$ cat upload02.txt   # compact mmCIF, C-alpha atoms
# COMPACT_ATOMS: atom_id res chain seq x y z
CA MET A 831 49.99 134.06 184.01
CA ASP A 832 48.53 132.08 181.09
CA ASN A 833 46.79 135.23 179.83
CA GLU A 834 50.08 137.14 179.87
CA ILE A 835 51.84 134.45 177.84
CA LYS A 836 48.92 134.34 175.41
CA GLN A 837 49.07 138.11 174.97
CA GLU A 838 52.83 137.96 174.30
CA PHE A 839 52.33 135.39 171.53
CA GLU A 840 49.51 137.45 170.05
CA GLU A 841 51.79 140.49 169.96
CA ILE A 842 54.52 138.46 168.29
CA GLU A 843 52.09 137.21 165.64
CA LYS A 844 50.94 140.78 164.96
CA SER A 845 54.50 142.06 164.61
CA PRO A 846 56.19 140.67 161.45
CA GLU A 847 59.68 141.52 162.75
CA LYS A 848 59.19 139.78 166.07
CA SER A 849 57.57 136.81 164.35
CA LYS A 850 60.51 136.50 161.95
CA LYS A 851 63.02 136.67 164.83
CA VAL A 852 61.18 133.93 166.72
CA LYS A 853 61.04 131.71 163.62
CA ASP A 854 64.71 132.33 162.90
CA PHE A 855 65.58 131.47 166.50
CA PHE A 856 63.77 128.14 166.43
CA HIS A 857 65.15 127.38 162.97
CA HIS A 858 68.75 127.92 164.12
CA LEU A 859 68.05 126.00 167.35
CA ASN A 860 66.73 123.07 165.33
CA ILE A 861 69.77 123.10 163.02
CA PHE A 862 72.12 123.31 166.03
CA LEU A 863 70.49 120.34 167.76
CA ILE A 864 70.57 118.25 164.59
CA LYS A 865 74.19 119.11 163.76
CA ASN A 866 75.42 118.39 167.28
CA THR A 867 73.51 115.16 167.85
CA PRO A 868 75.62 112.13 168.86
CA GLY A 869 73.98 110.13 166.06
CA MET A 870 70.71 108.26 165.61
CA ARG A 871 72.27 104.90 166.50
CA VAL A 872 73.29 106.29 169.89
CA ILE A 873 69.82 107.76 170.44
CA LYS A 874 68.14 104.49 169.44
CA THR A 875 70.42 102.53 171.75
CA MET A 876 69.49 104.79 174.66
CA ILE A 877 65.79 104.34 173.90
CA ALA A 878 66.22 100.55 173.64
CA ILE A 879 67.98 100.45 177.01
CA PHE A 880 65.16 102.46 178.60
CA ILE A 881 62.51 100.12 177.16
CA CYS A 882 64.42 97.03 178.33
CA LEU A 883 64.75 98.43 181.86
CA LEU A 884 61.07 99.38 181.82
CA ILE A 885 60.12 95.83 180.82
CA GLU A 886 62.28 94.41 183.61
CA ALA A 887 60.66 96.82 186.08
CA ILE A 888 57.21 95.62 184.99
CA ARG A 889 58.36 92.02 185.38
CA GLN A 890 59.56 93.04 188.89
CA LYS A 891 62.87 91.27 188.55
CA THR A 892 65.70 91.92 190.96
CA GLY A 893 69.42 91.55 190.37
CA THR A 894 69.31 90.77 186.64
CA GLN A 895 67.69 93.86 185.12
CA TYR A 896 70.64 94.56 182.86
CA HIS A 897 70.76 91.35 180.80
CA SER A 898 68.21 92.39 178.17
CA SER A 899 69.83 95.83 177.95
CA ILE A 900 73.20 94.25 177.17
CA ALA A 901 71.62 92.28 174.33
CA ALA A 902 69.95 95.41 172.96
CA VAL A 903 73.24 97.34 172.99
CA VAL A 904 75.11 94.53 171.24
CA CYS A 905 72.34 94.02 168.67
CA MET A 906 71.70 97.67 167.72
CA GLN A 907 73.07 98.53 164.27
CA PRO A 908 72.90 101.66 162.03
CA THR A 909 70.20 100.32 159.69
CA MET A 910 67.16 98.04 159.93
CA LYS A 911 68.70 95.63 157.43
CA SER A 912 71.94 95.27 159.38
CA THR A 913 70.02 95.04 162.66
CA THR A 914 67.82 92.24 161.29
CA LYS A 915 70.90 90.33 160.14
CA THR A 916 72.61 90.89 163.47
CA ALA A 917 69.46 89.92 165.39
CA ARG A 918 69.18 86.64 163.47
CA GLU A 919 72.80 85.80 164.23
CA ARG A 920 72.40 86.83 167.88
CA VAL A 921 69.35 84.59 168.29
CA ILE A 922 71.32 81.63 166.92
CA GLY A 923 74.25 82.44 169.17
CA THR A 924 71.99 82.89 172.20
CA LEU A 925 70.26 79.53 171.72
CA ILE A 926 73.56 77.74 171.17
CA ALA A 927 75.09 79.42 174.24
CA GLY A 928 72.05 78.55 176.35
CA LEU A 929 72.13 74.88 175.38
CA TYR A 930 75.91 74.71 175.81
CA ALA A 931 75.83 76.38 179.23
CA PHE A 932 72.99 74.09 180.33
CA LEU A 933 75.01 70.99 179.39
CA VAL A 934 78.08 72.35 181.18
CA LEU A 935 76.13 73.08 184.38
CA THR A 936 74.29 69.77 184.26
CA PHE A 937 77.12 67.39 183.41
CA VAL A 938 80.61 68.96 183.49
CA PHE A 939 80.71 70.82 186.80
CA PRO A 940 78.83 68.15 188.80
CA ALA A 941 81.29 65.55 187.48
CA LEU A 942 84.27 67.69 188.46
CA ASN A 943 82.67 68.50 191.84
CA ILE A 944 84.12 72.02 191.88
CA ASP A 945 82.84 74.71 194.22
CA ARG A 946 81.32 77.71 192.43
CA MET A 947 83.67 80.16 194.15
CA ASP A 948 86.82 78.09 193.69
CA TRP A 949 89.52 79.33 191.30
CA ALA A 950 89.31 76.02 189.41
CA TYR A 951 85.66 76.79 188.57
CA PHE A 952 86.67 80.04 186.89
CA LEU A 953 89.54 78.33 185.09
CA VAL A 954 87.28 75.62 183.68
CA THR A 955 84.70 78.22 182.66
CA ALA A 956 87.33 80.18 180.74
CA VAL A 957 88.68 77.04 179.06
CA LEU A 958 85.17 75.90 178.08
CA SER A 959 84.52 79.20 176.32
CA LEU A 960 87.10 78.16 173.69
CA PRO A 961 85.10 75.25 172.23
CA LEU A 962 82.03 77.50 172.13
CA MET A 963 83.82 80.20 170.14
CA THR A 964 85.37 77.55 167.89
CA LEU A 965 81.93 76.12 167.22
CA MET A 966 80.58 79.52 166.15
CA ILE A 967 83.48 79.93 163.72
CA TRP A 968 83.06 76.36 162.46
CA ILE A 969 79.38 76.91 161.60
CA ARG A 970 80.41 80.14 159.86
CA THR A 971 78.60 82.42 162.29
CA PRO A 972 81.48 84.41 163.83
CA GLY A 973 79.45 87.63 164.15
CA PRO A 974 77.58 86.74 167.35
CA ILE A 975 80.61 85.37 169.20
CA ALA A 976 80.48 88.28 171.66
CA ILE A 977 76.84 87.81 172.70
CA THR A 978 77.29 84.01 172.65
CA VAL A 979 80.15 84.13 175.14
CA ILE A 980 78.35 86.77 177.23
CA VAL A 981 75.27 84.53 177.55
CA PHE A 982 77.48 81.53 178.38
CA LEU A 983 79.32 83.43 181.12
CA ILE A 984 76.13 84.90 182.57
CA ILE A 985 74.62 81.41 182.89
CA THR A 986 77.69 79.52 184.11
CA LEU A 987 78.75 82.23 186.58
CA LYS A 988 75.30 82.50 188.11
CA THR A 989 75.22 83.44 191.78
CA THR A 990 71.82 81.90 192.60
CA ASP A 991 70.72 78.39 193.51
CA THR A 992 68.19 78.28 190.67
CA THR A 993 68.19 75.02 188.73
CA PRO A 994 70.30 75.06 185.52
CA ILE A 995 67.34 74.64 183.19
CA ALA A 996 65.29 77.40 184.85
CA TYR A 997 68.21 79.81 184.97
CA THR A 998 69.22 79.06 181.39
CA LEU A 999 65.69 79.65 180.07
CA GLU A 1000 65.45 82.91 182.02
CA ARG A 1001 68.76 84.24 180.73
CA VAL A 1002 68.00 83.21 177.13
CA GLY A 1003 64.62 84.90 177.49
CA ASP A 1004 66.26 88.11 178.72
CA THR A 1005 68.59 88.13 175.72
CA LEU A 1006 65.76 87.53 173.25
CA ILE A 1007 63.81 90.42 174.82
CA GLY A 1008 66.78 92.75 174.30
CA ILE A 1009 67.17 91.63 170.68
CA SER A 1010 63.44 92.15 170.01
CA VAL A 1011 63.50 95.62 171.55
CA ALA A 1012 66.53 96.60 169.45
CA MET A 1013 64.73 95.52 166.27
CA LEU A 1014 61.53 97.34 167.26
CA VAL A 1015 63.35 100.60 168.05
CA ASN A 1016 65.37 100.42 164.83
CA TRP A 1017 62.18 99.84 162.82
CA PHE A 1018 60.14 102.66 164.47
CA PRO A 1019 59.28 104.98 161.51
CA PRO A 1020 59.34 108.37 163.37
CA LEU A 1021 62.91 107.72 164.54
CA ASN A 1022 64.01 106.75 161.03
CA LYS A 1023 62.33 109.88 159.64
CA LEU A 1024 64.22 112.00 162.18
CA GLY A 1025 67.43 110.16 161.30
CA LYS A 1026 67.02 110.99 157.61
CA LYS A 1027 66.41 114.62 158.49
CA MET A 1028 69.56 114.64 160.62
CA GLY A 1029 71.55 113.19 157.72
CA GLN A 1030 70.33 115.82 155.27
CA VAL A 1031 71.50 118.88 157.20
CA GLU A 1032 73.72 121.06 155.06
CA ILE A 1033 76.75 122.50 156.79
CA THR A 1034 78.06 125.71 155.31
CA ALA A 1035 81.54 125.28 153.89
CA VAL A 1036 84.39 127.28 155.35
CA PRO A 1037 85.25 130.20 153.03
CA ALA A 1038 88.44 129.65 151.10
CA THR A 1039 91.42 131.81 151.96
CA ASP A 1040 93.09 134.06 149.39
CA SER A 1041 95.99 131.65 149.00
CA GLN A 1042 93.59 128.72 148.38
CA ALA A 1043 91.59 130.79 145.89
CA LYS A 1044 94.72 131.69 143.93
CA SER A 1045 95.90 128.09 143.80
$ encode --input "upload02.txt" --output "structure tokens"
Amino acid sequence: MDNEIKQEFEEIEKSPEKSKKVKDFFHHLNIFLIKNTPGMRVIKTMIAIFICLLIEAIRQKTGTQYHSSIAAVVCMQPTMKSTTKTARERVIGTLIAGLYAFLVLTFVFPALNIDRMDWAYFLVTAVLSLPLMTLMIWIRTPGPIAITVIVFLIITLKTTDTTPIAYTLERVGDTLIGISVAMLVNWFPPLNKLGKKMGQVEITAVPATDSQAKS
């Protein structure tokens, strides 16, 4: 079978017409794939999610594999510069959310003596998200409000009996992994080279109609 394929390629190379047709086919296929891509940011986000899930698989975690992926999705931006800025803000927001959630779990809920599955627990959690968001605006870092609140909710609405400090450190760690992966993927030179190539594709303009030409 391999010999037959090899012979076919040898025949194509010997025949200029066949060789030209094959080259034209792959050229048009390449242009088609580049023109119809969903965008490099989407591709990078998919790659970042895969890497995050792979890391969680290596760590052999169960039940919380998606936390780092969420951080990577939120952090991914079109350019390395914007991603770095976003990552810095997300790290600040993550650390603040982790500390805030730890204090809430350690002091507020024990003092209120509310069951984790009680409606009052959810009400207090929602109300306590307001001071956190206000704090982020007050320190002039409104960008990472989304990831800050997400980290806060993930920690305070935990469904395990892990101690607050251990759970908080684990969730903050997951988020920092996702942010790091997003930065790494956005920096990766081959992907950026492909992105530039995708942005330089020339699309043939639609021919003008007679009425447009006359006007």
$ residues_around --input "upload02.txt" --residues "range 966-969 of chain A" --least-positions-apart "4" --cutoff "10 Å" --atoms "all atoms listed in the file" --output "PyMOL selection string"
chain A and resi 922-923+926-927+961-962+973-975+978
$ closest_residue --input "upload02.txt" --among "A:Gly928, A:Thr998, A:Gly1008, A:Arg920" --to "Leu884 in chain A" --atoms "all atoms listed in the file"
A:Gly1008
$ residues_around --input "upload02.txt" --residues "Ala902 in chain A" --least-positions-apart "3" --cutoff "8 Å" --atoms "all atoms listed in the file" --output "list in words"
Thr875, Ala878, Ile879, Cys882, Ser898, Ser899, Cys905, Met906, Thr1005, Gly1008, Ile1009, Ser1010, Val1011 and Ala1012 of chain A
$ closest_atom_pairs --input "upload02.txt" --of "range 899-975 of chain A" --to "range 987-994 of chain A" --cutoff "10 Å" --atoms "all atoms listed in the file" --output "Markdown table"
| residue | atom | partner | partner_atom | distance |
| --- | --- | --- | --- | --- |
| A:Gly928 | CA | A:Pro994 | CA | 10.0 |
| A:Ala931 | CA | A:Pro994 | CA | 8.5 |
| A:Phe932 | CA | A:Pro994 | CA | 5.9 |
| A:Leu933 | CA | A:Pro994 | CA | 8.7 |
| A:Val934 | CA | A:Pro994 | CA | 9.3 |
| A:Leu935 | CA | A:Pro994 | CA | 6.3 |
| A:Thr936 | CA | A:Pro994 | CA | 6.7 |
| A:Arg946 | CA | A:Leu987 | CA | 7.8 |
| A:Met947 | CA | A:Leu987 | CA | 9.3 |
| A:Tyr951 | CA | A:Leu987 | CA | 9.0 |
| A:Phe952 | CA | A:Leu987 | CA | 8.2 |
| A:Thr955 | CA | A:Leu987 | CA | 8.2 |
$ atom_distance --input "upload02.txt" --atom1 "CA of Ser912 in chain A" --atom2 "CA of Ile980 in chain A"
20.8 Å
$ closest_residue --input "upload02.txt" --among "A:Ile1007, A:Val872, A:Ala941, A:Met910" --to "Pro1019 in chain A" --atoms "only C-alpha atoms"
A:Met910
$ atom_distance --input "upload02.txt" --atom1 "CA of Leu925 in chain A" --atom2 "CA of Lys911 in chain A"
21.6 Å
$ closest_residue --input "upload02.txt" --among "A:Val938, A:Val903, A:Leu999, A:Ile977" --to "Val1015 in chain A" --atoms "only C-alpha atoms"
A:Val903
$ closest_residue --input "upload02.txt" --among "A:Thr971, A:Ile900, A:Lys874, A:Leu929" --to "Ile995 in chain A" --atoms "all atoms listed in the file"
A:Leu929
$ atom_distance --input "upload02.txt" --atom1 "CA of Gln907 in chain A" --atom2 "CA of Val921 in chain A"
15.0 Å
$ closest_residue --input "upload02.txt" --among "A:Asn1016, A:Asp1004, A:Asp948, A:Tyr930" --to "Leu960 in chain A" --atoms "all atoms listed in the file"
A:Tyr930
$ closest_residue --input "upload02.txt" --among "A:Met1013, A:Met870, A:Ala917, A:Leu883" --to "Lys1026 in chain A" --atoms "all atoms listed in the file"
A:Met870
